[in-house]
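To be precise, the following lines are model16.pdb, and they hold PDB, C-alpha atoms and all ligand atoms.
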```pdb
ATOM      1  CA  MET A  20       0.000   0.000   0.000  1.00  0.00           C
ATOM      2  CA  LEU A  21       1.255   3.424  -0.976  1.00  0.00           C
ATOM      3  CA  LEU A  22      -0.299   6.164   1.109  1.00  0.00           C
ATOM      4  CA  HIS A  23       0.006   9.931   1.261  1.00  0.00           C
ATOM      5  CA  ILE A  24      -0.364  11.248   4.821  1.00  0.00           C
ATOM      6  CA  PRO A  25      -0.741  15.043   4.875  1.00  0.00           C
ATOM      7  CA  HIS A  26       0.478  17.466   7.540  1.00  0.00           C
ATOM      8  CA  ILE A  27       2.912  15.429   9.592  1.00  0.00           C
ATOM      9  CA  LEU A  28       4.582  18.775  10.307  1.00  0.00           C
ATOM     10  CA  THR A  29       2.906  22.174  10.706  1.00  0.00           C
ATOM     11  CA  THR A  30       3.958  25.154   8.574  1.00  0.00           C
ATOM     12  CA  ASP A  31       6.017  26.529  11.491  1.00  0.00           C
ATOM     13  CA  GLU A  32       7.735  23.182  12.035  1.00  0.00           C
ATOM     14  CA  VAL A  33       8.584  22.934   8.335  1.00  0.00           C
ATOM     15  CA  ARG A  34      10.092  26.444   8.432  1.00  0.00           C
ATOM     16  CA  ARG A  35      12.108  25.538  11.537  1.00  0.00           C
ATOM     17  CA  ALA A  36      13.412  22.373   9.853  1.00  0.00           C
ATOM     18  CA  GLN A  37      14.334  24.312   6.698  1.00  0.00           C
ATOM     19  CA  ASP A  38      16.202  26.947   8.772  1.00  0.00           C
ATOM     20  CA  LEU A  39      18.141  24.273  10.638  1.00  0.00           C
ATOM     21  CA  LEU A  40      19.015  22.416   7.432  1.00  0.00           C
ATOM     22  CA  ALA A  41      20.235  25.565   5.644  1.00  0.00           C
ATOM     23  CA  SER A  42      23.329  25.682   7.870  1.00  0.00           C
ATOM     24  CA  ALA A  43      23.607  21.976   8.744  1.00  0.00           C
ATOM     25  CA  PRO A  44      26.845  19.930   8.376  1.00  0.00           C
ATOM     26  CA  TRP A  45      25.855  17.774   5.393  1.00  0.00           C
ATOM     27  CA  GLY A  46      28.061  14.776   4.516  1.00  0.00           C
ATOM     28  CA  ASP A  47      28.278  12.011   1.900  1.00  0.00           C
ATOM     29  CA  GLY A  48      25.131   9.853   1.923  1.00  0.00           C
ATOM     30  CA  ARG A  49      26.870   6.640   0.839  1.00  0.00           C
ATOM     31  CA  PRO A  50      28.257   5.289   4.135  1.00  0.00           C
ATOM     32  CA  GLY A  51      25.585   3.093   5.692  1.00  0.00           C
ATOM     33  CA  ALA A  52      24.025   2.088   2.366  1.00  0.00           C
ATOM     34  CA  GLY A  53      24.355  -1.558   1.297  1.00  0.00           C
ATOM     35  CA  VAL A  54      26.745  -2.595  -1.504  1.00  0.00           C
ATOM     36  CA  GLN A  55      24.173  -2.432  -4.330  1.00  0.00           C
ATOM     37  CA  ALA A  56      22.540   0.757  -3.037  1.00  0.00           C
ATOM     38  CA  ALA A  57      25.889   2.552  -2.569  1.00  0.00           C
ATOM     39  CA  GLN A  58      26.648   2.090  -6.274  1.00  0.00           C
ATOM     40  CA  VAL A  59      23.552   4.042  -7.349  1.00  0.00           C
ATOM     41  CA  LYS A  60      23.379   6.476  -4.432  1.00  0.00           C
ATOM     42  CA  ASN A  61      24.560  10.046  -4.832  1.00  0.00           C
ATOM     43  CA  ASN A  62      23.089  12.317  -2.183  1.00  0.00           C
ATOM     44  CA  GLU A  63      24.013  13.949   1.094  1.00  0.00           C
ATOM     45  CA  GLN A  64      23.001  12.943   4.574  1.00  0.00           C
ATOM     46  CA  LEU A  65      23.111  14.678   7.918  1.00  0.00           C
ATOM     47  CA  PRO A  66      25.240  13.153  10.719  1.00  0.00           C
ATOM     48  CA  HIS A  67      22.749  11.392  12.992  1.00  0.00           C
ATOM     49  CA  ASP A  68      23.952  13.089  16.152  1.00  0.00           C
ATOM     50  CA  CYS A  69      24.206  16.720  15.059  1.00  0.00           C
ATOM     51  CA  ASP A  70      21.864  19.243  16.738  1.00  0.00           C
ATOM     52  CA  ALA A  71      19.782  19.841  13.598  1.00  0.00           C
ATOM     53  CA  ALA A  72      19.189  16.102  13.097  1.00  0.00           C
ATOM     54  CA  ARG A  73      18.174  15.645  16.736  1.00  0.00           C
ATOM     55  CA  GLU A  74      15.704  18.533  16.706  1.00  0.00           C
ATOM     56  CA  ILE A  75      14.070  17.630  13.386  1.00  0.00           C
ATOM     57  CA  ARG A  76      13.890  13.951  14.358  1.00  0.00           C
ATOM     58  CA  ALA A  77      11.983  14.946  17.506  1.00  0.00           C
ATOM     59  CA  LEU A  78       9.610  17.153  15.471  1.00  0.00           C
ATOM     60  CA  VAL A  79       8.865  14.324  13.049  1.00  0.00           C
ATOM     61  CA  LEU A  80       8.329  11.722  15.782  1.00  0.00           C
ATOM     62  CA  ARG A  81       5.928  14.094  17.554  1.00  0.00           C
ATOM     63  CA  GLY A  82       4.164  14.701  14.232  1.00  0.00           C
ATOM     64  CA  LEU A  83       3.675  10.936  13.756  1.00  0.00           C
ATOM     65  CA  ASP A  84       2.111  10.671  17.204  1.00  0.00           C
ATOM     66  CA  ARG A  85      -0.441  13.355  16.316  1.00  0.00           C
ATOM     67  CA  GLN A  86      -1.548  11.616  13.126  1.00  0.00           C
ATOM     68  CA  PRO A  87      -3.916   8.645  13.675  1.00  0.00           C
ATOM     69  CA  LEU A  88      -3.745   7.784   9.961  1.00  0.00           C
ATOM     70  CA  PHE A  89      -0.088   6.906  10.444  1.00  0.00           C
ATOM     71  CA  PHE A  90      -0.819   4.466  13.250  1.00  0.00           C
ATOM     72  CA  SER A  91      -3.653   2.841  11.312  1.00  0.00           C
ATOM     73  CA  ALA A  92      -1.587   2.442   8.136  1.00  0.00           C
ATOM     74  CA  ALA A  93       1.752   1.373   9.646  1.00  0.00           C
ATOM     75  CA  LEU A  94       0.699  -0.377  12.885  1.00  0.00           C
ATOM     76  CA  PRO A  95       4.183   0.412  14.172  1.00  0.00           C
ATOM     77  CA  LYS A  96       6.087  -1.870  16.493  1.00  0.00           C
ATOM     78  CA  ARG A  97       9.458  -0.112  16.170  1.00  0.00           C
ATOM     79  CA  VAL A  98      10.457   3.067  14.369  1.00  0.00           C
ATOM     80  CA  PHE A  99      13.995   3.389  13.048  1.00  0.00           C
ATOM     81  CA  PRO A 100      15.105   6.885  14.152  1.00  0.00           C
ATOM     82  CA  PRO A 101      14.493   9.301  11.253  1.00  0.00           C
ATOM     83  CA  ARG A 102      17.446  10.419   9.102  1.00  0.00           C
ATOM     84  CA  LEU A 103      17.750  13.517   6.918  1.00  0.00           C
ATOM     85  CA  ASN A 104      18.980  13.806   3.377  1.00  0.00           C
ATOM     86  CA  ARG A 105      19.496  16.394   0.684  1.00  0.00           C
ATOM     87  CA  TYR A 106      19.593  16.131  -3.117  1.00  0.00           C
ATOM     88  CA  GLY A 107      20.965  18.932  -5.281  1.00  0.00           C
ATOM     89  CA  GLY A 108      24.138  20.254  -6.900  1.00  0.00           C
ATOM     90  CA  ASP A 109      26.488  17.373  -7.760  1.00  0.00           C
ATOM     91  CA  SER A 110      24.783  14.991  -5.301  1.00  0.00           C
ATOM     92  CA  ASN A 111      21.338  14.863  -6.771  1.00  0.00           C
ATOM     93  CA  TYR A 112      19.937  11.345  -7.296  1.00  0.00           C
ATOM     94  CA  TYR A 113      19.485   7.870  -5.865  1.00  0.00           C
ATOM     95  CA  GLY A 114      19.033   5.194  -8.550  1.00  0.00           C
ATOM     96  CA  ASN A 115      16.782   2.130  -8.324  1.00  0.00           C
ATOM     97  CA  HIS A 116      17.239   0.075  -5.175  1.00  0.00           C
ATOM     98  CA  ILE A 117      15.393  -1.820  -2.475  1.00  0.00           C
ATOM     99  CA  ASP A 118      16.113  -0.670   1.065  1.00  0.00           C
ATOM    100  CA  GLY A 119      18.076  -3.002   3.337  1.00  0.00           C
ATOM    101  CA  SER A 120      15.696  -5.385   5.092  1.00  0.00           C
ATOM    102  CA  VAL A 121      17.102  -5.169   8.607  1.00  0.00           C
ATOM    103  CA  ARG A 122      18.517  -1.968  10.097  1.00  0.00           C
ATOM    104  CA  TYR A 123      20.645  -1.897  13.218  1.00  0.00           C
ATOM    105  CA  MET A 124      20.008   0.841  15.798  1.00  0.00           C
ATOM    106  CA  PRO A 125      23.270   1.503  17.668  1.00  0.00           C
ATOM    107  CA  GLU A 126      21.342   3.626  20.217  1.00  0.00           C
ATOM    108  CA  THR A 127      19.444   0.636  21.574  1.00  0.00           C
ATOM    109  CA  GLY A 128      21.300  -2.343  20.124  1.00  0.00           C
ATOM    110  CA  GLN A 129      18.008  -3.436  18.538  1.00  0.00           C
ATOM    111  CA  ARG A 130      17.304  -4.380  14.954  1.00  0.00           C
ATOM    112  CA  VAL A 131      14.373  -3.031  12.948  1.00  0.00           C
ATOM    113  CA  ARG A 132      12.883  -4.984  10.047  1.00  0.00           C
ATOM    114  CA  SER A 133      11.992  -2.413   7.391  1.00  0.00           C
ATOM    115  CA  ASP A 134       8.388  -3.457   6.624  1.00  0.00           C
ATOM    116  CA  VAL A 135       7.318   0.096   5.780  1.00  0.00           C
ATOM    117  CA  SER A 136       9.401   2.913   4.268  1.00  0.00           C
ATOM    118  CA  CYS A 137       8.511   6.547   4.978  1.00  0.00           C
ATOM    119  CA  THR A 138       9.616   9.874   3.505  1.00  0.00           C
ATOM    120  CA  VAL A 139       8.563  13.250   4.894  1.00  0.00           C
ATOM    121  CA  PHE A 140       9.137  15.956   2.287  1.00  0.00           C
ATOM    122  CA  LEU A 141      10.734  19.101   3.753  1.00  0.00           C
ATOM    123  CA  SER A 142      11.168  21.336   0.679  1.00  0.00           C
ATOM    124  CA  ASP A 143       8.431  23.265  -1.079  1.00  0.00           C
ATOM    125  CA  PRO A 144       7.957  21.522  -4.495  1.00  0.00           C
ATOM    126  CA  ALA A 145       8.212  24.952  -6.188  1.00  0.00           C
ATOM    127  CA  ASP A 146      11.776  25.317  -4.876  1.00  0.00           C
ATOM    128  CA  TYR A 147      13.258  22.427  -6.893  1.00  0.00           C
ATOM    129  CA  ASP A 148      12.883  20.570 -10.186  1.00  0.00           C
ATOM    130  CA  GLY A 149      13.073  16.779 -10.457  1.00  0.00           C
ATOM    131  CA  GLY A 150      13.590  14.801  -7.251  1.00  0.00           C
ATOM    132  CA  GLU A 151      10.430  12.701  -7.629  1.00  0.00           C
ATOM    133  CA  LEU A 152      10.374   9.579  -5.469  1.00  0.00           C
ATOM    134  CA  CYS A 153       9.419   6.883  -8.000  1.00  0.00           C
ATOM    135  CA  ILE A 154       8.047   3.745  -6.402  1.00  0.00           C
ATOM    136  CA  SER A 155       7.290   0.555  -8.344  1.00  0.00           C
ATOM    137  CA  ASP A 156       4.220  -1.140  -6.959  1.00  0.00           C
ATOM    138  CA  THR A 157       1.632  -3.624  -8.176  1.00  0.00           C
ATOM    139  CA  TYR A 158       0.030  -1.012 -10.425  1.00  0.00           C
ATOM    140  CA  GLY A 159       3.233   0.283 -12.047  1.00  0.00           C
ATOM    141  CA  GLU A 160       5.508   3.149 -11.119  1.00  0.00           C
ATOM    142  CA  GLN A 161       4.150   5.996  -8.997  1.00  0.00           C
ATOM    143  CA  ALA A 162       5.987   9.351  -9.008  1.00  0.00           C
ATOM    144  CA  VAL A 163       5.619  11.095  -5.663  1.00  0.00           C
ATOM    145  CA  LYS A 164       6.466  14.724  -4.912  1.00  0.00           C
ATOM    146  CA  LEU A 165       4.563  16.144  -1.969  1.00  0.00           C
ATOM    147  CA  PRO A 166       4.148  19.511  -0.248  1.00  0.00           C
ATOM    148  CA  ALA A 167       6.578  20.236   2.574  1.00  0.00           C
ATOM    149  CA  GLY A 168       5.484  18.541   5.797  1.00  0.00           C
ATOM    150  CA  HIS A 169       3.586  15.732   4.034  1.00  0.00           C
ATOM    151  CA  MET A 170       4.611  12.087   4.104  1.00  0.00           C
ATOM    152  CA  VAL A 171       4.477   9.083   1.815  1.00  0.00           C
ATOM    153  CA  LEU A 172       4.416   5.593   3.255  1.00  0.00           C
ATOM    154  CA  TYR A 173       5.061   2.497   1.072  1.00  0.00           C
ATOM    155  CA  PRO A 174       6.050  -1.151   1.438  1.00  0.00           C
ATOM    156  CA  GLY A 175       9.715  -1.695   2.273  1.00  0.00           C
ATOM    157  CA  THR A 176       9.757  -4.408  -0.396  1.00  0.00           C
ATOM    158  CA  SER A 177       9.298  -1.857  -3.231  1.00  0.00           C
ATOM    159  CA  LEU A 178      11.920  -1.000  -5.828  1.00  0.00           C
ATOM    160  CA  HIS A 179      12.275   2.801  -5.781  1.00  0.00           C
ATOM    161  CA  GLN A 180      14.492   5.694  -6.814  1.00  0.00           C
ATOM    162  CA  VAL A 181      14.852   9.442  -6.407  1.00  0.00           C
ATOM    163  CA  LYS A 182      15.119  11.170  -9.793  1.00  0.00           C
ATOM    164  CA  PRO A 183      17.902  13.713 -10.338  1.00  0.00           C
ATOM    165  CA  VAL A 184      17.260  17.167  -8.894  1.00  0.00           C
ATOM    166  CA  THR A 185      18.058  19.621 -11.682  1.00  0.00           C
ATOM    167  CA  ARG A 186      17.329  22.894  -9.832  1.00  0.00           C
ATOM    168  CA  GLY A 187      17.407  23.817  -6.141  1.00  0.00           C
ATOM    169  CA  TYR A 188      17.579  21.361  -3.248  1.00  0.00           C
ATOM    170  CA  ARG A 189      15.262  18.604  -2.157  1.00  0.00           C
ATOM    171  CA  LEU A 190      15.303  18.107   1.617  1.00  0.00           C
ATOM    172  CA  ALA A 191      13.642  15.097   3.173  1.00  0.00           C
ATOM    173  CA  CYS A 192      13.392  13.018   6.290  1.00  0.00           C
ATOM    174  CA  PHE A 193      13.276   9.236   5.850  1.00  0.00           C
ATOM    175  CA  PHE A 194      12.855   6.260   8.139  1.00  0.00           C
ATOM    176  CA  TRP A 195      11.542   2.729   8.396  1.00  0.00           C
ATOM    177  CA  ILE A 196       8.931   0.995  10.486  1.00  0.00           C
ATOM    178  CA  GLU A 197       8.844  -2.543  11.741  1.00  0.00           C
ATOM    179  CA  SER A 198       5.133  -3.201  11.795  1.00  0.00           C
ATOM    180  CA  MET A 199       3.196  -5.378  14.215  1.00  0.00           C
ATOM    181  CA  VAL A 200       1.710  -6.853  11.016  1.00  0.00           C
ATOM    182  CA  ARG A 201       4.473  -8.000   8.711  1.00  0.00           C
ATOM    183  CA  SER A 202       2.349  -8.616   5.615  1.00  0.00           C
ATOM    184  CA  ASP A 203       1.554  -5.593   3.459  1.00  0.00           C
ATOM    185  CA  GLU A 204      -1.628  -7.324   2.280  1.00  0.00           C
ATOM    186  CA  GLN A 205      -2.892  -7.852   5.824  1.00  0.00           C
ATOM    187  CA  ARG A 206      -1.969  -4.298   6.832  1.00  0.00           C
ATOM    188  CA  ARG A 207      -3.892  -2.961   3.858  1.00  0.00           C
ATOM    189  CA  LEU A 208      -7.018  -4.978   4.799  1.00  0.00           C
ATOM    190  CA  LEU A 209      -6.863  -3.688   8.359  1.00  0.00           C
ATOM    191  CA  TYR A 210      -6.344  -0.113   7.162  1.00  0.00           C
ATOM    192  CA  GLU A 211      -9.302  -0.296   4.761  1.00  0.00           C
ATOM    193  CA  LEU A 212     -11.531  -1.809   7.448  1.00  0.00           C
ATOM    194  CA  ASP A 213     -10.497   0.885   9.912  1.00  0.00           C
ATOM    195  CA  MET A 214     -11.079   3.739   7.429  1.00  0.00           C
ATOM    196  CA  ASN A 215     -14.488   2.411   6.368  1.00  0.00           C
ATOM    197  CA  LEU A 216     -15.494   2.048  10.004  1.00  0.00           C
ATOM    198  CA  LEU A 217     -14.469   5.647  10.602  1.00  0.00           C
ATOM    199  CA  ARG A 218     -16.672   6.826   7.712  1.00  0.00           C
ATOM    200  CA  LEU A 219     -19.598   4.642   8.819  1.00  0.00           C
ATOM    201  CA  ARG A 220     -19.394   6.181  12.296  1.00  0.00           C
ATOM    202  CA  GLU A 221     -19.246   9.689  10.845  1.00  0.00           C
ATOM    203  CA  ARG A 222     -22.378   9.007   8.806  1.00  0.00           C
ATOM    204  CA  HIS A 223     -24.498   6.969  11.212  1.00  0.00           C
ATOM    205  CA  GLY A 224     -22.912   7.245  14.649  1.00  0.00           C
ATOM    206  CA  GLU A 225     -22.249   4.137  16.695  1.00  0.00           C
ATOM    207  CA  THR A 226     -24.517   1.267  15.630  1.00  0.00           C
ATOM    208  CA  THR A 227     -24.738  -2.436  16.391  1.00  0.00           C
ATOM    209  CA  GLU A 228     -22.963  -3.035  13.073  1.00  0.00           C
ATOM    210  CA  THR A 229     -20.032  -0.663  13.768  1.00  0.00           C
ATOM    211  CA  THR A 230     -19.577  -2.272  17.175  1.00  0.00           C
ATOM    212  CA  GLY A 231     -19.543  -5.713  15.544  1.00  0.00           C
ATOM    213  CA  LEU A 232     -17.109  -4.670  12.825  1.00  0.00           C
ATOM    214  CA  THR A 233     -14.820  -2.987  15.376  1.00  0.00           C
ATOM    215  CA  GLY A 234     -14.706  -6.332  17.121  1.00  0.00           C
ATOM    216  CA  THR A 235     -13.789  -7.989  13.822  1.00  0.00           C
ATOM    217  CA  TYR A 236     -10.999  -5.416  13.313  1.00  0.00           C
ATOM    218  CA  HIS A 237      -9.523  -6.146  16.716  1.00  0.00           C
ATOM    219  CA  ASN A 238      -9.881  -9.871  16.351  1.00  0.00           C
ATOM    220  CA  LEU A 239      -8.025  -9.775  13.026  1.00  0.00           C
ATOM    221  CA  LEU A 240      -5.342  -7.568  14.546  1.00  0.00           C
ATOM    222  CA  ARG A 241      -5.048  -9.974  17.483  1.00  0.00           C
ATOM    223  CA  MET A 242      -4.660 -12.874  15.030  1.00  0.00           C
ATOM    224  CA  TRP A 243      -2.043 -11.140  12.863  1.00  0.00           C
ATOM    225  CA  ALA A 244      -0.130  -8.834  15.201  1.00  0.00           C
ATOM    226  CA  ASP A 245       3.253  -9.720  16.581  1.00  0.00           C
ATOM    227  CA  THR A 246       3.798  -7.295  19.461  1.00  0.00           C
TER     228      THR A 246
HETATM  229 NI    NI A 301      15.558   3.841  -0.434  1.00  0.00          NI
END
```
Show me this structure written as structure tokens.
Amino acid sequence: MLLHIPHILTTDEVRRAQDLLASAPWGDGRPGAGVQAAQVKNNEQLPHDCDAAREIRALVLRGLDRQPLFFSAALPKRVFPPRLNRYGGDSNYYGNHIDGSVRYMPETGQRVRSDVSCTVFLSDPADYDGGELCISDTYGEQAVKLPAGHMVLYPGTSLHQVKPVTRGYRLACFFWIESMVRSDEQRRLLYELDMNLLRLRERHGETTETTGLTGTYHNLLRMWADT
């Protein structure tokens, strides 16, 4: 499932992130990428422990907590701490690759299986050309370029690339989720059930049927979730 989740960050938070990133200590994005990915990767990344990275990471994690759509779509068990990257100038693309399946978090010594990939766009689309995130899914390739502060979420199993940025800079925050529900197909069913229940409640209020279907949702989640 490929899903656009709007407004992870407010306008003020986006501006704060952009200010911090304008004077941030960017470095080569290749270290940390796997062997195949490193060959097609040409972008910049922020050191994980610099002040700007810490502050923006905290903003994004708070933003995720405020957005119930995110919880419903990702059913997160663990979140790999968000990273920041920049495309532009001579470091302006990331060719086709599939993200590494298991990421190590030195902070906690834990591993995160990358079931779901997330990108929060931090630049205004009018400020750069190119830089589309192109994701191959069941229905072909989707080109994604979202307003600043909005997020795309897609299966970690997808082949994807970031097209060359030919003007300006594309700033983004990216991270992975290990989901309580490993299967993308099962997560999608749960998400659709949850969203339809939400709309039913909006239209008719709580009814015997919505109560019954909410039970079905939880019973499916109980059957499929690994907590
Ligand atoms: Ni990737």
Which residues are near ligand NI 301 (chain A) in this structure, taking near to mean any atom at most 8 Å from a ligand atom and counting all atoms listed in the file? Format them as a PDB file with C-alpha atoms, keeping the file's coordinate frame.
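File written: pocket_19.pdb
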```
ATOM      1  CA  TYR A 113      19.485   7.870  -5.865  1.00  0.00           C
ATOM      2  CA  HIS A 116      17.239   0.075  -5.175  1.00  0.00           C
ATOM      3  CA  ILE A 117      15.393  -1.820  -2.475  1.00  0.00           C
ATOM      4  CA  ASP A 118      16.113  -0.670   1.065  1.00  0.00           C
ATOM      5  CA  SER A 136       9.401   2.913   4.268  1.00  0.00           C
ATOM      6  CA  HIS A 179      12.275   2.801  -5.781  1.00  0.00           C
ATOM      7  CA  GLN A 180      14.492   5.694  -6.814  1.00  0.00           C
TER       8      GLN A 180
END
```
Residue with the minimum atom-to-atom distance to Asp109 in chain A, picked from A:Ala191, A:Leu39, A:Leu212, A:Val184 with all atoms listed in the file counted, is A:Val184
Evaluate the PyMOL selection byres (((chain A and resi 188-190) around 6) and not hetatm) on the structure here and hand back the selected residues as a ChimeraX atom specification.
/A:104-107,141-142,147,187,191
Output of the above residues as a PDB file, keeping the file's coordinate frame, restricted to C-alpha atoms:
```pdb
ATOM      1  CA  ASN A 104      18.980  13.806   3.377  1.00  0.00           C
ATOM      2  CA  ARG A 105      19.496  16.394   0.684  1.00  0.00           C
ATOM      3  CA  TYR A 106      19.593  16.131  -3.117  1.00  0.00           C
ATOM      4  CA  GLY A 107      20.965  18.932  -5.281  1.00  0.00           C
ATOM      5  CA  LEU A 141      10.734  19.101   3.753  1.00  0.00           C
ATOM      6  CA  SER A 142      11.168  21.336   0.679  1.00  0.00           C
ATOM      7  CA  TYR A 147      13.258  22.427  -6.893  1.00  0.00           C
ATOM      8  CA  GLY A 187      17.407  23.817  -6.141  1.00  0.00           C
ATOM      9  CA  ALA A 191      13.642  15.097   3.173  1.00  0.00           C
TER      10      ALA A 191
END
```
Could you check which of A:Asp148, A:Asp47, A:Asp68, A:Asp84 is closest to Leu28 in chain A, using all atoms listed in the file?
A:Asp84
What residues have an atom no more than 10 Å from (5.7, 4.4, 4.4) in the file's own frame, counting all atoms listed in the file, and can you write them as a VMD selection string?
chain A and resid 20 to 24 89 92 to 93 133 to 139 170 to 175 193 to 196
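For the pair CA of Lys182 in chain A and CA of Tyr112 in chain A, the interatomic distance is 5.4 Å.
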For Glu228 in chain A, find every residue with an atom within 10 Å (counting all atoms listed in the file), except residues of its own chain fewer than 6 positions away, and show them as a PyMOL selection string.
chain A and resi 216+219-220+234
With all atoms of range 203-222 of chain A from the file as input, state the centre and edge lengths in Å to one decimal of the axis-aligned box that has 5 Å extra on each side, as JSON.
```
{"center_x": -10.4, "center_y": 0.9, "center_z": 7.3, "size_x": 33.9, "size_y": 27.5, "size_z": 20.0}
```
Quick one: of A:Arg132, A:His223, A:Arg186, A:Arg81, who's nearest to Ser120 in chain A, counting all atoms listed in the file?
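The answer is A:Arg132, which sits nearest to Ser120 in chain A.
Residue nearest Ala43 in chain A within the list A:Gln55, A:Asn61, A:Gln129, A:Leu103: A:Leu103 [criterion: smallest interatomic distance, all atoms listed in the file].
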